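Heads up, entry27.csv below (CSV, C-alpha atoms):
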chain,number,residue,atom,x,y,z
S,976,MET,CA,30.4,-285.0,107.8
S,977,ILE,CA,27.9,-283.8,110.4
S,978,GLY,CA,29.4,-284.3,113.8
S,979,ASP,CA,31.4,-287.5,113.8
S,980,THR,CA,28.7,-290.1,113.2
S,981,ILE,CA,26.6,-288.8,110.3
S,982,VAL,CA,27.9,-288.8,106.8
S,983,VAL,CA,26.3,-286.9,104.0
S,984,THR,CA,27.0,-288.1,100.5
S,985,ILE,CA,26.1,-287.0,97.1
S,986,VAL,CA,24.0,-289.8,95.6
S,987,ASP,CA,23.0,-288.3,92.3
S,988,ILE,CA,23.6,-285.2,90.2
S,989,ARG,CA,21.3,-284.4,87.3
S,990,GLY,CA,21.6,-281.1,85.8
S,991,ASP,CA,21.2,-278.6,88.5
S,992,LYS,CA,19.7,-281.1,91.0
S,993,VAL,CA,21.8,-282.8,93.5
S,994,ARG,CA,20.4,-285.7,95.6
S,995,LEU,CA,21.9,-286.2,99.0
S,996,GLY,CA,22.1,-289.3,101.0
S,997,ILE,CA,22.4,-289.3,104.7
S,998,ASN,CA,24.0,-292.2,106.4
S,999,ALA,CA,23.5,-292.4,110.2
S,1000,PRO,CA,23.7,-295.2,112.7
S,1001,SER,CA,20.1,-296.5,113.2
S,1002,GLU,CA,19.9,-295.2,116.7
S,1003,VAL,CA,20.8,-291.6,115.7
S,1004,PRO,CA,17.8,-289.8,114.4
S,1005,VAL,CA,18.7,-287.2,111.8
S,1006,HIS,CA,16.1,-284.6,112.6
S,1007,ARG,CA,14.9,-283.1,115.9
S,1008,GLN,CA,11.3,-284.1,115.0
S,1009,GLU,CA,12.5,-287.7,114.7
S,1010,VAL,CA,14.0,-287.6,118.1
S,1011,TYR,CA,10.8,-286.4,119.6
S,1012,GLU,CA,8.8,-289.0,117.8
S,1013,ALA,CA,11.1,-291.7,119.0
S,1014,ILE,CA,10.8,-290.6,122.6
S,1015,GLN,CA,7.0,-290.5,122.1
S,1016,ARG,CA,7.0,-294.1,121.0
S,1017,GLU,CA,9.2,-295.2,123.8
S,1018,ASN,CA,7.1,-293.4,126.4
S,1019,LEU,CA,3.9,-295.0,125.1
S,1020,ASN,CA,5.7,-298.4,125.0
S,1021,ALA,CA,6.9,-297.9,128.6
S,1022,SER,CA,3.4,-296.8,129.8
S,1023,GLN,CA,2.3,-300.4,129.1
S,1024,LEU,CA,4.4,-301.7,132.0
S,1025,GLU,CA,2.7,-302.9,135.2
S,1026,PRO,CA,4.3,-303.8,138.6
S,1027,LYS,CA,4.3,-307.5,137.6
S,1028,ASP,CA,6.5,-306.7,134.7
S,1029,THR,CA,9.1,-304.9,136.7
S,1030,GLN,CA,9.5,-307.5,139.5
S,1031,SER,CA,12.9,-308.7,138.2
S,1032,ILE,CA,14.4,-305.2,138.3
S,1033,GLY,CA,15.8,-305.6,141.8
S,1034,GLN,CA,18.1,-308.4,140.7
S,1035,LEU,CA,19.3,-306.4,137.7
S,1036,ALA,CA,20.6,-303.5,139.8
S,1037,GLU,CA,24.4,-303.1,139.5
S,1038,ARG,CA,26.3,-302.6,142.7
S,1039,ASN,CA,29.0,-300.0,142.9
S,1040,ALA,CA,32.4,-301.6,143.3
S,1041,THR,CA,32.8,-300.3,146.8
S,1042,GLY,CA,29.4,-301.6,147.7
S,1043,SER,CA,28.5,-298.3,149.2
S,1044,ARG,CA,25.3,-296.5,148.3
S,1045,ASP,CA,25.6,-293.5,146.1
S,1046,SER,CA,24.0,-290.8,148.1
S,1047,ARG,CA,23.8,-288.4,145.1
S,1048,LYS,CA,20.9,-289.5,142.9
I,1141,MET,CA,-5.9,-285.5,147.0
I,1142,ARG,CA,-7.3,-288.8,146.0
I,1143,ILE,CA,-6.4,-290.5,142.7
I,1144,ASN,CA,-8.0,-293.7,141.3
I,1145,THR,CA,-5.2,-295.5,139.7
I,1146,GLN,CA,-5.3,-298.6,137.5
I,1147,ARG,CA,-2.2,-300.2,139.0
I,1148,PHE,CA,-2.4,-299.2,142.7
I,1149,GLY,CA,-6.1,-298.7,143.3
I,1150,ARG,CA,-7.2,-295.6,145.1
I,1151,ILE,CA,-4.3,-293.6,146.6
I,1152,ASP,CA,-4.0,-290.4,148.6
I,1153,VAL,CA,-1.3,-287.9,147.5
I,1154,ASP,CA,-0.3,-284.7,149.2
I,1155,PRO,CA,-0.9,-281.9,146.7
I,1156,ASN,CA,2.5,-280.5,147.8
I,1157,ASP,CA,4.1,-283.6,146.5
I,1158,VAL,CA,2.7,-283.4,143.0
I,1159,LEU,CA,5.2,-282.6,140.3
I,1160,THR,CA,4.3,-280.2,137.5
I,1161,PHE,CA,5.5,-281.1,134.0
I,1162,GLN,CA,4.7,-277.9,132.0
I,1163,SER,CA,4.9,-279.7,128.7
I,1164,GLY,CA,3.7,-283.1,129.9
I,1165,LEU,CA,5.9,-285.8,128.4
I,1166,PRO,CA,6.4,-286.7,124.7
I,1167,GLY,CA,3.4,-288.9,123.8
I,1168,LEU,CA,1.7,-287.9,127.1
I,1169,GLU,CA,1.4,-284.2,126.5
I,1170,ASP,CA,-1.9,-283.9,128.3
I,1171,CYS,CA,-0.5,-285.3,131.5
I,1172,ARG,CA,0.9,-282.3,133.3
I,1173,GLU,CA,0.8,-283.4,136.9
I,1174,TRP,CA,2.5,-286.5,138.3
I,1175,ALA,CA,3.0,-288.1,141.6
I,1176,LEU,CA,6.2,-290.0,142.3
I,1177,LEU,CA,5.4,-293.2,144.1
I,1178,ALA,CA,7.6,-295.8,145.7
I,1179,ASP,CA,7.1,-299.4,144.5
I,1180,ALA,CA,5.8,-301.5,147.4
I,1181,SER,CA,8.2,-304.4,146.8
I,1182,ASN,CA,11.1,-302.9,145.0
I,1183,ASP,CA,13.2,-300.1,146.6
I,1184,ALA,CA,15.1,-299.7,143.3
I,1185,LEU,CA,11.9,-298.6,141.5
I,1186,GLY,CA,9.5,-295.7,141.5
I,1187,TRP,CA,6.3,-295.0,139.6
I,1188,LEU,CA,5.5,-291.7,138.0
I,1189,GLN,CA,1.7,-291.8,138.3
I,1190,SER,CA,-0.4,-289.3,136.3
I,1191,THR,CA,-2.8,-287.6,138.7
I,1192,ASN,CA,-5.4,-286.8,136.1
I,1193,GLN,CA,-5.3,-290.1,134.1
I,1194,GLY,CA,-5.4,-293.1,136.5
I,1195,ASP,CA,-4.3,-295.6,133.9
I,1196,ILE,CA,-1.1,-293.7,133.0
I,1197,ALA,CA,2.1,-294.5,134.9
I,1198,LEU,CA,5.7,-294.9,134.1
I,1199,ALA,CA,8.2,-297.0,136.0
I,1200,VAL,CA,11.3,-295.0,136.8
I,1201,VAL,CA,14.7,-295.8,138.4
I,1202,SER,CA,17.7,-293.9,139.5
I,1203,PRO,CA,20.1,-294.6,136.5
I,1204,ARG,CA,23.3,-294.8,138.5
I,1205,ARG,CA,22.0,-297.8,140.3
I,1206,PHE,CA,21.9,-299.7,137.1
I,1207,VAL,CA,24.5,-297.9,135.0
I,1208,PRO,CA,27.2,-296.8,137.4
I,1209,HIS,CA,29.1,-294.7,134.8
I,1210,TYR,CA,26.0,-293.1,133.4
I,1211,GLN,CA,26.7,-289.4,132.8
I,1212,VAL,CA,24.3,-287.0,131.3
I,1213,ARG,CA,25.1,-283.9,129.4
I,1214,ILE,CA,22.0,-281.8,129.3
I,1215,PRO,CA,22.0,-278.5,127.4
I,1216,ARG,CA,21.5,-275.5,129.7
I,1217,SER,CA,18.4,-274.5,127.6
I,1218,GLU,CA,16.7,-277.8,128.7
I,1219,LEU,CA,17.3,-277.0,132.4
I,1220,THR,CA,16.1,-273.4,132.4
I,1221,PRO,CA,12.3,-274.2,132.2
I,1222,LEU,CA,12.9,-276.2,135.4
I,1223,SER,CA,14.3,-273.2,137.2
I,1224,ILE,CA,17.5,-275.2,137.7
I,1225,SER,CA,20.6,-273.1,137.9
I,1226,ASP,CA,22.8,-275.8,139.4
I,1227,ILE,CA,22.8,-279.4,138.2
I,1228,ARG,CA,22.9,-280.4,141.9
I,1229,GLN,CA,19.3,-279.2,142.4
I,1230,ALA,CA,18.3,-281.8,139.8
I,1231,GLN,CA,17.2,-285.4,140.4
I,1232,VAL,CA,17.5,-287.5,137.4
I,1233,VAL,CA,15.5,-290.6,136.8
I,1234,VAL,CA,15.1,-292.7,133.7
I,1235,VAL,CA,12.0,-294.5,132.3
I,1236,VAL,CA,11.9,-298.3,132.3
I,1237,GLY,CA,10.7,-299.9,129.1
I,1238,GLN,CA,10.8,-303.3,127.6
I,1239,ASN,CA,11.7,-305.0,124.3
I,1240,GLY,CA,12.1,-308.5,123.1
I,1241,THR,CA,14.9,-309.3,125.5
I,1242,GLY,CA,13.4,-307.9,128.7
I,1243,LEU,CA,13.5,-304.6,130.6
I,1244,THR,CA,15.2,-301.6,129.2
I,1245,LEU,CA,16.2,-298.1,130.3
I,1246,ASN,CA,15.7,-294.9,128.3
I,1247,LEU,CA,19.2,-293.4,128.8
I,1248,LYS,CA,18.7,-291.0,125.9
I,1249,ALA,CA,15.8,-289.1,127.3
I,1250,PRO,CA,16.1,-288.9,131.1
I,1251,ILE,CA,13.5,-287.1,133.3
I,1252,VAL,CA,14.9,-284.3,135.3
I,1253,ILE,CA,13.1,-283.2,138.5
I,1254,ASN,CA,13.5,-280.1,140.5
I,1255,LEU,CA,12.4,-281.4,143.9
I,1256,GLU,CA,12.3,-278.0,145.5
I,1257,ALA,CA,10.2,-276.3,142.9
I,1258,ARG,CA,8.2,-279.5,142.2
I,1259,THR,CA,8.7,-279.4,138.5
I,1260,GLY,CA,9.8,-281.9,136.0
I,1261,ARG,CA,10.7,-282.3,132.3
I,1262,GLN,CA,11.9,-285.1,130.0
I,1263,VAL,CA,15.1,-283.9,128.3
I,1264,VAL,CA,17.2,-285.1,125.5
I,1265,ALA,CA,20.7,-285.8,126.6
I,1266,SER,CA,23.6,-285.1,124.3
I,1267,GLY,CA,25.6,-287.8,122.6
I,1268,GLU,CA,24.9,-291.3,121.5
I,1269,LEU,CA,22.8,-292.9,124.2
I,1270,PRO,CA,20.4,-295.8,123.8
I,1271,MET,CA,16.6,-295.3,124.2
I,1272,GLN,CA,16.5,-299.0,125.1
I,1273,TYR,CA,19.5,-299.9,127.2
I,1274,GLU,CA,19.0,-303.6,127.8
I,1275,LEU,CA,19.3,-304.5,131.5
I,1276,SER,CA,19.4,-308.3,131.0
I,1277,THR,CA,22.3,-308.2,128.5
I,1278,ASN,CA,24.2,-305.6,130.4
I,1279,ARG,CA,24.3,-307.5,133.7
I,1280,PRO,CA,27.6,-307.5,135.6
I,1281,PRO,CA,29.4,-310.9,135.4
I,1282,LEU,CA,28.4,-313.4,138.0
I,1283,LYS,CA,30.8,-313.4,141.0
I,1284,LYS,CA,32.7,-316.6,141.5
I,1285,SER,CA,31.7,-318.3,144.7
I,1286,ALA,CA,34.5,-318.8,147.3
Would you mind giving the structure from this file in structure tokens?
Amino acid sequence: MIGDTIVVTIVDIRGDKVRLGINAPSEVPVHRQEVYEAIQRENLNASQLEPKDTQSIGQLAERNATGSRDSRK
Amino acid sequence: MRINTQRFGRIDVDPNDVLTFQSGLPGLEDCREWALLADASNDALGWLQSTNQGDIALAVVSPRRFVPHYQVRIPRSELTPLSISDIRQAQVVVVVGQNGTGLTLNLKAPIVINLEARTGRQVVASGELPMQYELSTNRPPLKKSA
């Protein structure tokens, strides 16, 4: 186990070679480089947005239960 | 300083308001200077506008406004380049994206800003967080009318 979400299994053993399989939920990149690349893709995707695309966002805002504005950002 | 932007036309920004991102942003590494603009019609929304590339801007929001229980655990090493010694000096915004269902928020990689030092950095938060938190499917249930 790596952490509590990634499982490493032995897929194959041939002589002195051991092949490992890594099972991780699809949203958990296994390597730091993969995380960086995923953020790169998401930023480039997000950079396509224009004001007309975000107009609905005001309606999507959740209100705190008390209805008071959270002064800490 | 005057910036010719694709989305907002020609705008004037006080140089003192410009935020410096030493490493740029992943995918936008050449964009080191950004201005945080308010959206004209949406007080929930801001735009991080690149000051040297007029066509580059990112929509950002304060995450707590959309995800009230959003808590970020950021490794101390990620905060040091920002000269942030206390998390309360930090302002956290998240980038708005979109997928097939509609608008999304990148909760996994928030942008941390030190307003005093005028610096910023996109960090990787610890734990399992979505890069595309779907706003439309995570809406609060409709209130019953009286």
Exercise for review: Counting all atoms listed in the file, collect the residues of chain I whose closest atom lies at most 9 Å from chain S, and write them out as number ranges by chain.
Suggested key: I: 1147, 1165-1168, 1179, 1181-1185, 1195-1199, 1202-1208, 1228, 1230-1233, 1235-1239, 1243, 1246, 1248-1249, 1264, 1268-1272, 1275-1276, 1278-1280
Study note, to complete from the structure: Expressed in Å, the length from CA of Gln1211 (chain I) to CA of Ser1225 (chain I) is 18.1 Å
Review point. What does the distance between CA of Leu995 (chain S) and CA of Gly1267 (chain I) come to in Å, to one decimal place?
Key: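 The value is 23.9 Å.
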Exercise for review: Would you work out the distance separating CA of Thr1244 (chain I) from CA of Tyr1273 (chain I), expressed in Å to one decimal?
Suggested key: 5.0 Å
**Study point:** Thr1160 (chain I) surroundings by all atoms listed in the file, 6 Å radius, close-in-sequence under 4 positions cut, as a PyMOL selection string
**Key:** chain I and resi 1172-1173+1259-1260
Neighbourhood query: residues within 9 Å of (7.3, -280.7, 148.7), file coordinates, counting all atoms listed in the file; return as a PDB file with C-alpha atoms, keeping the file's coordinate frame.
ATOM      1  CA  ASP I1154      -0.300-284.700 149.200  1.00  0.00           C
ATOM      2  CA  PRO I1155      -0.900-281.900 146.700  1.00  0.00           C
ATOM      3  CA  ASN I1156       2.500-280.500 147.800  1.00  0.00           C
ATOM      4  CA  ASP I1157       4.100-283.600 146.500  1.00  0.00           C
ATOM      5  CA  VAL I1158       2.700-283.400 143.000  1.00  0.00           C
ATOM      6  CA  LEU I1159       5.200-282.600 140.300  1.00  0.00           C
ATOM      7  CA  LEU I1255      12.400-281.400 143.900  1.00  0.00           C
ATOM      8  CA  GLU I1256      12.300-278.000 145.500  1.00  0.00           C
ATOM      9  CA  ALA I1257      10.200-276.300 142.900  1.00  0.00           C
ATOM     10  CA  ARG I1258       8.200-279.500 142.200  1.00  0.00           C
TER      11      ARG I1258
END
Quick one: everything within 9 Å of Ile985 (chain S), counting all atoms listed in the file, minus sequence neighbours fewer than 3 positions away in the same chain. Send it as a tab-separated table (two decimals) with C-alpha atoms, in the frame of the given file.
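Once everything was written out, this is result_24.tsv:
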chain	number	residue	atom	x	y	z
S	988	ILE	CA	23.60	-285.20	90.20
S	993	VAL	CA	21.80	-282.80	93.50
S	994	ARG	CA	20.40	-285.70	95.60
S	995	LEU	CA	21.90	-286.20	99.00
S	996	GLY	CA	22.10	-289.30	101.00
S	997	ILE	CA	22.40	-289.30	104.70
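Considering all atoms listed in the file, the residue among I:Thr1277, I:Gln1189, I:Ser1223, I:Thr1241 positioned nearest to Asp1152 (chain I) is I:Gln1189.
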